[in-house]
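Printed here is data_28.txt (compact mmCIF, C-alpha atoms and all ligand atoms):
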# COMPACT_ATOMS: atom_id res chain seq x y z
CA MET I 28 0.00 0.00 0.00
CA GLU I 29 1.40 3.38 -0.96
CA ARG I 30 1.07 6.06 1.69
CA LYS I 31 2.44 9.57 1.55
CA TRP I 32 2.37 12.54 3.87
CA ASP I 33 3.07 15.96 2.47
CA TYR I 34 3.76 17.29 5.95
CA TYR I 35 3.76 15.43 9.26
CA PRO I 36 0.07 15.05 10.16
CA LEU I 37 0.56 16.38 13.70
CA LYS I 38 -2.05 18.90 14.79
CA LYS I 39 0.09 20.61 17.45
CA GLU I 40 -3.12 22.35 18.56
CA PHE I 41 -2.17 22.51 22.25
CA LEU I 42 1.30 23.69 21.43
CA ARG I 43 -0.04 26.44 19.20
CA GLU I 44 -2.31 27.71 21.93
CA GLU I 45 -0.12 27.26 24.99
CA ASP I 46 3.30 28.08 23.61
CA PRO I 47 3.16 29.99 20.32
CA GLU I 48 6.90 30.58 20.46
CA VAL I 49 7.83 26.88 20.44
CA PHE I 50 5.03 26.25 17.91
CA ARG I 51 6.45 28.91 15.58
CA ILE I 52 9.99 27.53 15.68
CA SER I 53 8.75 23.99 15.18
CA GLN I 54 6.73 25.07 12.11
CA LEU I 55 9.86 26.64 10.67
CA GLU I 56 11.79 23.39 11.13
CA ASP I 57 9.01 21.50 9.31
CA LYS I 58 9.32 23.99 6.45
CA ARG I 59 13.12 23.70 6.37
CA ILE I 60 12.81 19.93 6.04
CA LYS I 61 10.20 20.17 3.31
CA GLU I 62 12.17 22.67 1.22
CA GLY I 63 15.62 21.14 1.57
CA ILE I 64 17.59 18.14 0.35
CA GLU I 65 18.90 16.14 3.31
CA LEU I 66 22.07 14.27 2.44
CA ILE I 67 23.57 13.93 5.93
CA ALA I 68 24.23 10.18 6.01
CA SER I 69 23.24 9.77 9.68
CA GLU I 70 19.85 11.46 9.33
CA ASN I 71 16.40 10.28 8.35
CA TYR I 72 12.70 11.11 8.77
CA VAL I 73 10.56 8.91 10.99
CA SER I 74 7.09 7.75 10.01
CA PRO I 75 4.06 9.54 11.45
CA ALA I 76 3.38 6.43 13.59
CA VAL I 77 6.88 6.56 15.10
CA LEU I 78 6.40 10.28 15.75
CA GLU I 79 3.06 9.69 17.46
CA ALA I 80 4.49 6.92 19.64
CA MET I 81 7.04 9.43 20.96
CA SER I 82 4.24 11.61 22.26
CA THR I 83 2.42 8.89 24.20
CA SER I 84 1.93 8.90 27.98
CA PHE I 85 4.79 6.43 28.37
CA THR I 86 6.94 9.56 28.75
CA ASN I 87 5.60 10.03 32.28
CA LYS I 88 6.80 6.83 33.88
CA TYR I 89 9.85 5.92 35.90
CA ALA I 90 10.80 2.34 35.11
CA GLU I 91 14.33 1.60 36.32
CA GLY I 92 15.10 -2.06 35.82
CA VAL I 93 14.04 -4.45 33.08
CA PRO I 94 10.61 -5.89 32.20
CA GLY I 95 9.28 -7.89 35.16
CA LYS I 96 11.95 -6.49 37.52
CA ARG I 97 11.33 -2.82 38.16
CA TYR I 98 12.15 -0.61 41.09
CA TYR I 99 8.84 1.31 40.99
CA PRO I 100 5.23 0.12 40.77
CA GLY I 101 2.76 0.77 37.92
CA ASN I 102 4.81 -0.77 35.14
CA GLN I 103 2.38 -3.34 33.73
CA PHE I 104 2.03 -1.64 30.33
CA ILE I 105 5.57 -0.32 30.34
CA ASP I 106 6.73 -3.93 30.66
CA GLU I 107 4.47 -4.92 27.79
CA ILE I 108 5.73 -2.17 25.47
CA GLU I 109 9.41 -2.73 26.32
CA SER I 110 9.07 -6.51 25.88
CA LEU I 111 7.46 -5.93 22.49
CA ALA I 112 10.38 -3.73 21.39
CA ILE I 113 12.87 -6.36 22.62
CA GLU I 114 11.09 -9.22 20.85
CA ARG I 115 10.86 -7.30 17.59
CA VAL I 116 14.50 -6.23 17.51
CA LYS I 117 15.65 -9.75 18.42
CA LYS I 118 13.63 -11.07 15.49
CA ILE I 119 15.03 -8.52 13.03
CA PHE I 120 18.66 -9.30 13.84
CA GLN I 121 18.35 -12.88 15.16
CA ALA I 122 19.78 -11.69 18.47
CA GLU I 123 19.98 -13.87 21.58
CA HIS I 124 19.53 -10.88 23.89
CA ALA I 125 18.64 -7.21 23.45
CA ASN I 126 18.58 -4.16 25.70
CA VAL I 127 16.49 -1.36 24.17
CA GLN I 128 17.14 1.23 26.88
CA PRO I 129 20.34 3.01 25.72
CA LEU I 130 19.52 6.66 25.23
CA SER I 131 21.73 7.02 22.18
CA GLY I 132 24.70 5.54 20.33
CA CYS I 133 27.44 6.94 22.59
CA PRO I 134 25.77 5.73 25.80
CA ALA I 135 25.26 2.30 24.18
CA ASN I 136 28.97 2.02 23.42
CA MET I 137 29.81 3.38 26.86
CA ALA I 138 27.65 0.68 28.46
CA VAL I 139 29.44 -2.05 26.51
CA TYR I 140 32.88 -0.81 27.55
CA PHE I 141 31.70 -0.25 31.14
CA GLY I 142 30.20 -3.74 31.31
CA LEU I 143 32.95 -5.73 29.61
CA LEU I 144 36.20 -3.84 30.24
CA ASN I 145 38.29 -2.56 33.09
CA LEU I 146 39.67 0.97 32.92
CA GLY I 147 42.76 1.03 30.72
CA ASP I 148 41.92 -2.14 28.79
CA THR I 149 42.82 -2.28 25.12
CA VAL I 150 40.30 -2.00 22.27
CA LEU I 151 41.11 -2.23 18.56
CA ALA I 152 38.86 -0.03 16.41
CA GLN I 153 38.73 1.86 13.12
CA ALA I 154 40.76 5.07 12.94
CA LEU I 155 38.64 8.09 13.71
CA ASP I 156 40.01 10.19 10.86
CA GLN I 157 39.25 7.32 8.47
CA GLY I 158 35.60 6.66 9.19
CA GLY I 159 35.55 5.59 12.86
CA HIS I 160 33.34 7.26 15.48
CA LEU I 161 34.27 9.53 18.41
CA SER I 162 33.07 6.87 20.85
CA HIS I 163 35.58 4.46 19.31
CA GLY I 164 38.52 5.96 21.17
CA SER I 165 38.77 9.65 20.36
CA PRO I 166 41.10 11.42 22.79
CA VAL I 167 38.35 14.00 23.46
CA SER I 168 35.75 11.31 24.30
CA PHE I 169 35.42 9.27 27.51
CA SER I 170 36.36 6.27 25.37
CA GLY I 171 39.82 7.55 24.51
CA LYS I 172 40.42 8.90 28.01
CA TRP I 173 39.43 5.77 29.95
CA TYR I 174 40.49 2.93 27.65
CA ASN I 175 43.56 2.16 25.58
CA PHE I 176 42.32 2.36 21.99
CA VAL I 177 44.54 1.18 19.16
CA HIS I 178 43.34 1.99 15.64
CA TYR I 179 43.41 0.20 12.30
CA HIS I 180 43.42 2.14 9.05
CA THR I 181 42.33 2.23 5.46
CA ASN I 182 44.76 2.21 2.57
CA GLU I 183 45.28 5.31 0.37
CA GLN I 184 42.27 4.35 -1.76
CA GLY I 185 40.07 4.19 1.34
CA TRP I 186 39.61 0.41 1.83
CA ILE I 187 40.05 -1.12 5.30
CA ASP I 188 43.24 -3.15 5.47
CA MET I 189 42.22 -6.43 7.15
CA ASP I 190 45.81 -7.65 7.24
CA GLU I 191 46.65 -4.64 9.40
CA VAL I 192 43.68 -5.47 11.65
CA GLU I 193 45.12 -8.96 12.14
CA GLU I 194 48.66 -7.69 12.70
CA LEU I 195 47.55 -5.12 15.30
CA ALA I 196 45.32 -7.67 17.03
CA LYS I 197 48.25 -10.08 17.40
CA LYS I 198 50.55 -7.31 18.58
CA HIS I 199 48.24 -5.60 21.11
CA ARG I 200 45.99 -8.52 22.19
CA PRO I 201 42.92 -6.25 22.63
CA LYS I 202 40.08 -7.29 24.91
CA ILE I 203 37.57 -6.03 22.31
CA ILE I 204 37.89 -5.81 18.53
CA LEU I 205 35.38 -3.26 17.29
CA ALA I 206 34.10 -3.23 13.71
CA GLY I 207 31.93 -0.32 12.64
CA PHE I 208 32.05 3.19 11.26
CA SER I 209 30.46 6.57 10.71
CA ALA I 210 31.89 7.19 7.26
CA TYR I 211 32.82 4.17 5.17
CA SER I 212 31.12 3.12 1.98
CA ARG I 213 32.19 -0.51 1.66
CA ASN I 214 31.04 -3.79 3.16
CA LEU I 215 32.83 -5.04 6.26
CA ASP I 216 34.20 -8.56 6.30
CA TRP I 217 32.34 -9.71 9.42
CA LYS I 218 33.70 -13.28 9.18
CA ARG I 219 37.30 -12.14 9.05
CA PHE I 220 36.78 -9.83 12.05
CA ARG I 221 35.30 -12.79 13.95
CA GLU I 222 38.21 -15.05 13.00
CA ILE I 223 40.77 -12.46 14.09
CA ALA I 224 38.94 -11.97 17.41
CA ASP I 225 38.93 -15.74 17.96
CA GLU I 226 42.60 -15.97 17.12
CA VAL I 227 43.57 -13.49 19.87
CA GLY I 228 40.79 -14.33 22.34
CA ALA I 229 39.04 -10.93 21.97
CA ILE I 230 35.37 -10.07 22.24
CA ALA I 231 33.99 -9.34 18.75
CA MET I 232 31.97 -6.12 18.89
CA ALA I 233 30.21 -4.37 16.01
CA ASP I 234 28.72 -0.88 15.96
CA ILE I 235 26.25 -1.02 13.07
CA ALA I 236 24.70 2.40 13.73
CA HIS I 237 24.98 3.52 10.12
CA ILE I 238 23.95 0.36 8.31
CA ALA I 239 21.46 -1.29 10.71
CA GLY I 240 18.52 -0.44 8.44
CA LEU I 241 20.25 -1.96 5.44
CA ILE I 242 20.84 -5.13 7.45
CA ALA I 243 17.25 -5.12 8.78
CA GLY I 244 16.06 -4.63 5.20
CA LYS I 245 18.08 -7.68 4.16
CA GLN I 246 20.42 -5.80 1.83
CA LEU I 247 23.66 -6.24 3.80
CA ALA I 248 25.08 -9.17 5.79
CA ASN I 249 24.10 -9.35 9.46
CA PRO I 250 26.94 -9.65 12.01
CA VAL I 251 24.66 -10.22 15.03
CA PRO I 252 24.55 -14.06 14.85
CA ILE I 253 28.34 -14.34 14.79
CA PHE I 254 29.43 -11.39 16.97
CA ASP I 255 29.45 -11.26 20.79
CA VAL I 256 27.97 -7.80 21.12
CA VAL I 257 26.48 -5.37 18.62
CA THR I 258 25.34 -1.80 19.20
CA THR I 259 23.26 0.36 16.93
CA THR I 260 21.53 3.69 17.00
CA THR I 261 17.85 3.53 16.06
CA HIS I 262 17.54 6.90 14.30
CA LYS I 263 19.64 6.48 11.18
CA THR I 264 18.84 3.90 8.47
CA LEU I 265 16.59 2.05 10.95
CA ARG I 266 14.32 5.10 10.77
CA GLY I 267 13.26 5.05 14.40
CA PRO I 268 13.38 7.62 17.22
CA ARG I 269 16.71 8.92 18.53
CA GLY I 270 18.11 6.14 20.68
CA ALA I 271 20.06 2.91 20.56
CA VAL I 272 20.02 -0.83 21.24
CA ILE I 273 22.62 -3.29 22.45
CA MET I 274 22.35 -6.88 21.25
CA CYS I 275 24.54 -9.65 22.61
CA LYS I 276 25.04 -13.33 23.21
CA GLU I 277 23.18 -14.66 26.23
CA LYS I 278 26.44 -15.08 28.12
CA TYR I 279 26.99 -11.29 28.16
CA ALA I 280 23.33 -10.40 28.84
CA LYS I 281 23.58 -9.79 32.59
CA LYS I 282 26.74 -7.71 32.31
CA ILE I 283 25.23 -5.58 29.54
CA ASP I 284 21.90 -5.02 31.33
CA LYS I 285 23.70 -4.09 34.56
CA ALA I 286 26.03 -1.74 32.69
CA VAL I 287 23.05 0.13 31.15
CA PHE I 288 21.27 0.34 34.50
CA PRO I 289 22.45 1.03 37.16
CA GLY I 290 25.88 1.33 35.48
CA ILE I 291 25.49 4.43 33.38
CA GLN I 292 21.79 5.29 33.08
CA GLY I 293 18.80 5.90 35.33
CA GLY I 294 15.18 5.73 34.21
CA PRO I 295 14.69 4.55 30.62
CA HIS I 296 12.77 6.77 28.18
CA GLU I 297 9.78 4.53 27.67
CA HIS I 298 7.97 6.75 25.14
CA ILE I 299 11.07 6.44 22.97
CA ILE I 300 11.10 2.69 23.57
CA ALA I 301 7.46 2.63 22.37
CA ALA I 302 8.58 4.44 19.22
CA LYS I 303 11.46 1.98 18.82
CA ALA I 304 8.86 -0.83 18.93
CA VAL I 305 6.91 0.89 16.13
CA ALA I 306 10.04 1.38 14.01
CA PHE I 307 11.09 -2.25 14.55
CA GLY I 308 7.60 -3.29 13.41
CA GLU I 309 8.16 -1.28 10.23
CA ASN I 310 11.66 -2.77 9.81
CA LEU I 311 10.08 -6.23 9.66
CA THR I 312 7.89 -5.44 6.63
CA GLU I 313 8.56 -6.07 2.96
CA GLY I 314 8.01 -2.38 2.33
CA PHE I 315 11.06 -1.69 4.49
CA GLN I 316 13.12 -4.15 2.46
CA ARG I 317 12.17 -2.22 -0.68
CA TYR I 318 13.14 1.00 1.10
CA ALA I 319 16.56 -0.40 2.10
CA LYS I 320 17.18 -1.59 -1.46
CA ARG I 321 16.25 1.82 -2.84
CA ILE I 322 18.65 3.57 -0.41
CA ILE I 323 21.55 1.66 -1.96
CA GLU I 324 20.30 2.15 -5.53
CA ASN I 325 20.04 5.86 -4.83
CA ALA I 326 23.51 6.01 -3.27
CA ARG I 327 24.99 4.28 -6.32
CA ALA I 328 23.10 6.60 -8.67
CA LEU I 329 24.29 9.66 -6.75
CA ALA I 330 27.90 8.42 -6.77
CA ALA I 331 27.68 7.74 -10.53
CA GLY I 332 26.07 11.13 -11.19
CA LEU I 333 28.87 12.89 -9.32
CA MET I 334 31.65 10.85 -10.92
CA ASN I 335 30.21 11.69 -14.35
CA ARG I 336 30.62 15.33 -13.38
CA GLY I 337 34.28 14.90 -12.47
CA PHE I 338 33.94 14.32 -8.72
CA LYS I 339 36.23 11.82 -7.05
CA ILE I 340 34.46 9.30 -4.82
CA ILE I 341 36.67 7.52 -2.28
CA THR I 342 36.99 3.80 -3.24
CA GLY I 343 35.24 4.66 -6.54
CA GLY I 344 31.70 3.93 -5.35
CA THR I 345 29.55 2.56 -2.55
CA ASP I 346 28.03 -0.67 -1.24
CA ASN I 347 25.77 1.07 1.27
CA HIS I 348 23.93 4.34 1.91
CA CYS I 349 26.88 6.72 1.95
CA MET I 350 29.93 7.95 0.12
CA LEU I 351 32.89 10.23 0.71
CA VAL I 352 33.66 12.84 -1.92
CA ASP I 353 37.28 13.94 -2.25
CA LEU I 354 37.01 17.62 -3.22
CA ARG I 355 40.69 18.23 -3.86
CA PRO I 356 40.39 17.84 -7.64
CA LYS I 357 37.75 20.60 -7.52
CA GLY I 358 40.10 22.87 -5.58
CA ILE I 359 37.74 23.46 -2.65
CA THR I 360 37.59 22.28 0.96
CA GLY I 361 34.87 20.29 2.69
CA LYS I 362 33.99 23.29 4.84
CA ALA I 363 33.57 25.59 1.83
CA ALA I 364 31.39 22.99 0.12
CA GLN I 365 29.27 22.39 3.23
CA ASP I 366 28.65 26.12 3.67
CA ALA I 367 27.79 26.77 0.01
CA LEU I 368 25.52 23.72 -0.19
CA GLU I 369 23.69 24.82 2.96
CA LYS I 370 23.00 28.20 1.35
CA ALA I 371 21.42 26.29 -1.52
CA GLY I 372 19.27 24.21 0.85
CA ILE I 373 21.36 21.04 0.48
CA TYR I 374 22.61 19.54 3.74
CA ALA I 375 25.83 17.50 3.72
CA ASN I 376 28.65 17.49 6.25
CA LYS I 377 32.33 18.15 5.73
CA ASN I 378 34.33 14.99 6.41
CA LEU I 379 37.97 13.98 6.58
CA ILE I 380 39.09 11.75 3.74
CA PRO I 381 41.80 9.09 4.22
CA TYR I 382 45.17 10.77 4.91
CA ASP I 383 43.53 14.19 4.70
CA PRO I 384 46.02 17.08 4.59
CA GLN I 385 43.38 19.44 6.05
CA LYS I 386 42.37 19.89 9.70
CA PRO I 387 39.14 18.23 10.97
CA MET I 388 37.31 21.59 11.05
CA ILE I 389 38.17 22.21 7.38
CA THR I 390 38.61 18.78 5.68
CA SER I 391 39.05 17.89 2.02
CA GLY I 392 35.82 15.97 1.71
CA ILE I 393 32.11 15.80 2.23
CA ARG I 394 30.04 12.79 3.25
CA LEU I 395 26.78 12.19 1.41
CA GLY I 396 24.04 9.71 2.25
CA THR I 397 20.67 8.74 0.81
CA PRO I 398 18.50 7.44 3.71
CA ALA I 399 16.52 10.68 4.13
CA VAL I 400 15.96 11.50 0.44
CA THR I 401 14.87 7.89 -0.10
CA THR I 402 12.31 8.24 2.71
CA ARG I 403 10.92 11.19 0.78
CA GLY I 404 10.30 8.90 -2.18
CA MET I 405 13.19 10.03 -4.39
CA LYS I 406 14.46 7.62 -7.02
CA PRO I 407 17.73 7.14 -8.95
CA SER I 408 16.58 9.64 -11.61
CA ASP I 409 16.22 12.24 -8.84
CA MET I 410 19.80 11.54 -7.74
CA GLU I 411 20.93 12.72 -11.18
CA LYS I 412 19.18 16.01 -10.48
CA ILE I 413 20.80 16.25 -7.03
CA ALA I 414 24.25 15.52 -8.49
CA ASP I 415 23.62 18.36 -10.91
CA PHE I 416 22.62 20.77 -8.10
CA ILE I 417 25.79 19.85 -6.17
CA ASP I 418 27.95 20.31 -9.26
CA ARG I 419 26.46 23.73 -9.97
CA VAL I 420 26.91 24.88 -6.37
CA VAL I 421 30.55 23.79 -6.43
CA GLN I 422 31.14 25.52 -9.78
CA ASN I 423 29.57 28.73 -8.51
CA ILE I 424 30.87 28.57 -4.96
CA GLU I 425 31.83 32.26 -4.87
CA ASN I 426 28.81 33.53 -6.77
CA GLU I 427 26.14 34.44 -4.19
CA GLU I 428 23.58 35.38 -6.86
CA LYS I 429 23.91 32.07 -8.67
CA ILE I 430 23.65 30.14 -5.37
CA LYS I 431 20.45 32.05 -4.58
CA GLU I 432 19.04 30.97 -7.93
CA ILE I 433 19.96 27.34 -7.24
CA ARG I 434 18.34 27.67 -3.79
CA GLU I 435 15.03 28.53 -5.46
CA GLU I 436 15.33 25.55 -7.81
CA VAL I 437 16.15 23.27 -4.85
CA ARG I 438 13.13 24.63 -2.97
CA GLY I 439 10.83 23.84 -5.88
CA PHE I 440 12.33 20.38 -6.44
CA ALA I 441 12.33 19.32 -2.76
CA SER I 442 8.84 20.70 -2.07
CA SER I 443 7.42 18.48 -4.78
CA PHE I 444 8.21 15.40 -2.64
CA PRO I 445 6.27 14.25 0.41
CA ILE I 446 7.95 14.37 3.80
CA PHE I 447 7.47 10.63 4.21
CA SER I 448 6.57 8.11 1.56
CA TRP I 449 5.86 4.43 2.12
CA GLU I 450 5.55 2.29 -1.00
C1 LIG I 501 29.02 4.36 14.32
C2 LIG I 501 28.37 5.29 15.30
N1 LIG I 501 28.31 4.94 16.58
C3 LIG I 501 27.76 5.74 17.52
C4 LIG I 501 27.22 6.95 17.16
C5 LIG I 501 26.71 7.86 18.24
O1 LIG I 501 25.36 7.98 18.26
P1 LIG I 501 24.66 9.18 19.05
O2 LIG I 501 24.95 10.40 18.28
O3 LIG I 501 23.24 8.75 19.05
O4 LIG I 501 25.25 9.21 20.44
C6 LIG I 501 27.23 7.36 15.83
C7 LIG I 501 26.63 8.65 15.46
O5 LIG I 501 26.75 9.19 14.44
C8 LIG I 501 27.84 6.51 14.87
O6 LIG I 501 27.93 6.87 13.59
Would you put the structure from the file into structure tokens?
Ligand SMILES: Cc1ncc(COP(=O)(O)O)c(C=O)c1O
Amino acid sequence: MERKWDYYPLKKEFLREEDPEVFRISQLEDKRIKEGIELIASENYVSPAVLEAMSTSFTNKYAEGVPGKRYYPGNQFIDEIESLAIERVKKIFQAEHANVQPLSGCPANMAVYFGLLNLGDTVLAQALDQGGHLSHGSPVSFSGKWYNFVHYHTNEQGWIDMDEVEELAKKHRPKIILAGFSAYSRNLDWKRFREIADEVGAIAMADIAHIAGLIAGKQLANPVPIFDVVTTTTHKTLRGPRGAVIMCKEKYAKKIDKAVFPGIQGGPHEHIIAAKAVAFGENLTEGFQRYAKRIIENARALAAGLMNRGFKIITGGTDNHCMLVDLRPKGITGKAAQDALEKAGIYANKNLIPYDPQKPMITSGIRLGTPAVTTRGMKPSDMEKIADFIDRVVQNIENEEKIKEIREEVRGFASSFPIFSWE
């Protein structure tokens, strides 16, 4: 069944009356979404049902503990909703155990480290300036301050070097080997990661935040059955509310649950857990599989459209929802591109490319992703149009008038799509 919503069908009638100021700002954000092209690879638009679930009365309840074992009374329906979310996510990923309480991706990773490591223990993870995430050992994050992270790298072309992963694992004997990224466009070799972890007696951990929806939609291989512990955010390709999940083998279940609460969190956000349940229900449908397939088709079409216009894509293409564009051949920085694109109503973040000569606040690249534009119902032919907009912005980066003209074209193009489309 095809369903489309031009705008989110939320009435906001109480908000309008009681707090016109918040109502006004929220209306402007709705308009910004409608009139823009969202290419930030970690963003997406939730369905109206997910949005409604977030505004249910589950927000009112304190429910420390897990279903059936709470510290406060009155949790009959909370238990039911949280159990439903757990059952659904276990089914999607064939997980032995799931904790749906982590408030977001960083706290989920923090809970895993807190539950399975001692301070100062060694973790092997992807280099942060080559696609890894801050919570994978950045010196400015708790992870890098409290644990001894060692990082593996990509080669000059941008592909992860699995031989280096093996070498570093043998040399440093990490307690956890972490596979997962925020900016990498190629498939990970889950089996090889598992084999290396087994060889050195490490826990195999994956952070699938970016690609969870592509795995749920059966387009990419699922590491959950063969890994010890897997974290994911729920708000990226999974298209749920902001939040996260930890899945693990039964033998780590107690440690993980205790690390989430009372280890690092207090009361879970049960209205968000209700919305996670709704999103997981959507993830289990055939419509979601079509959506996941289309995300990848769109990403490939966008990469091809850009390469045809002389852009350099790291690794020469993509297997997933995202890509890194090396802007050096165009003679501009990631920051300049991000700023000019934003003026044109196109949202994409500056991103370091492998062995980037620029600083992280400037960068030589931008990261582009297709989850959000695919939710709006855009197809590969629309990616051609978007590649053309990006090319024209880059060509006219210093020409304010021209960028204003492109902004109007982008507004017209983007407004012609619904905010959420379900085929
Ligand atoms: C791989 C990965 N892990 C964790 C996170 C952190 O998630 P959050 O921003 O919800 O804390 C992100 C966010 O972008 C991510 O890409």
Original post:
Near I:Ala364, counting all atoms listed in the file, which residues have an atom at most 12 Å away, once you skip same-chain residues fewer than 2 positions from it, shown as a ChimeraX atom specification?
Top reply: /I:352-355,357-362,366-371,373-378,389-395,417-425,430
Original post:
Hey, which of I:Ile187, I:Ala68, I:Ile108, I:Ala286 ends up closest to I:Pro381? Count all atoms listed in the file.
Top reply: I:Ile187
Contacts between ligand LIG 501 (chain I) and chain I, please, where a residue of chain I counts if it comes within 9 Å (with only C-alpha atoms and all ligand atoms); show its shortest atom pair and distance in Å to one decimal, rows by chain and ascending number, as CSV.
residue,atom,partner,partner_atom,distance
I:Ala68,CA,I:LIG501,O5,8.9
I:Ser69,CA,I:LIG501,O5,5.9
I:Glu70,CA,I:LIG501,O5,8.9
I:Leu130,CA,I:LIG501,O3,7.5
I:Ser131,CA,I:LIG501,O3,3.9
I:Gly132,CA,I:LIG501,O1,3.3
I:Cys133,CA,I:LIG501,O4,3.8
I:Pro134,CA,I:LIG501,O4,6.4
I:Ala135,CA,I:LIG501,O4,7.9
I:Asn136,CA,I:LIG501,C3,7.1
I:Gly158,CA,I:LIG501,C1,8.7
I:Gly159,CA,I:LIG501,C1,6.8
I:His160,CA,I:LIG501,C1,5.3
I:Leu161,CA,I:LIG501,C3,7.6
I:Ser162,CA,I:LIG501,C3,6.4
I:His163,CA,I:LIG501,N1,7.8
I:Gly207,CA,I:LIG501,C1,5.8
I:Phe208,CA,I:LIG501,C1,4.5
I:Ser209,CA,I:LIG501,O6,3.8
I:Ala210,CA,I:LIG501,O6,7.5
I:Ala233,CA,I:LIG501,C1,9.0
I:Asp234,CA,I:LIG501,C1,5.5
I:Ile235,CA,I:LIG501,C1,6.2
I:Ala236,CA,I:LIG501,C1,4.8
I:His237,CA,I:LIG501,O6,5.7
I:Ile238,CA,I:LIG501,C1,8.8
I:Thr258,CA,I:LIG501,N1,7.8
I:Thr259,CA,I:LIG501,N1,6.8
I:Thr260,CA,I:LIG501,O3,5.7
I:Thr261,CA,I:LIG501,O3,8.1
I:His262,CA,I:LIG501,O3,7.6
I:Lys263,CA,I:LIG501,O5,8.3
I:Arg269,CA,I:LIG501,O3,6.6
I:Gly270,CA,I:LIG501,O3,6.0
I:Ala271,CA,I:LIG501,O3,6.8
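Take atom CA of I:Tyr99 and atom CA of I:His124: the distance between them is 23.6 Å.
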Subject >> Shell around I:Lys303 at 10 Å using only C-alpha atoms, local window under 4 positions removed, as a count of residues only >> reply: 28
**OP:** Have a look at I:Glu428, I:Leu42, I:Ala224, I:Ala301 and name the one nearest to I:Asp106; count only C-alpha atoms.
**Re:** I:Ala301
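Counting from atom CA of I:Gly314, the distance to atom CA of I:Val400 is 16.1 Å.
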Subject >> Which of I:Ile105, I:Leu151, I:Ile64, I:Ile433 sits closest to I:Tyr89 [using all atoms listed in the file] >> reply: I:Ile105
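Shortest atom-to-atom contact with I:Tyr140 among I:Ile291, I:Ile223, I:Leu66, I:Val177: I:Ile291, counting all atoms listed in the file.
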Original post:
What is the distance, in Å and to one decimal place, between atom CA of I:Lys218 and atom CA of I:Ile253?
Top reply: 7.8 Å
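With all atoms listed in the file as the atoms that count, the minimum distance from I:Phe220 to the choices I:Glu427, I:Phe176, I:Ala152, I:Gly439 is reached by I:Ala152.
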Subject >> Selection near stretch 318-332 of chain I, 7 Å with all atoms listed in the file, sequence-local residues under 2 positions removed, as a PyMOL selection string >> reply: chain I and resi 240-241+244+246+314-316+334-336+340+344-349+396-398+401+406-407+410-411+414
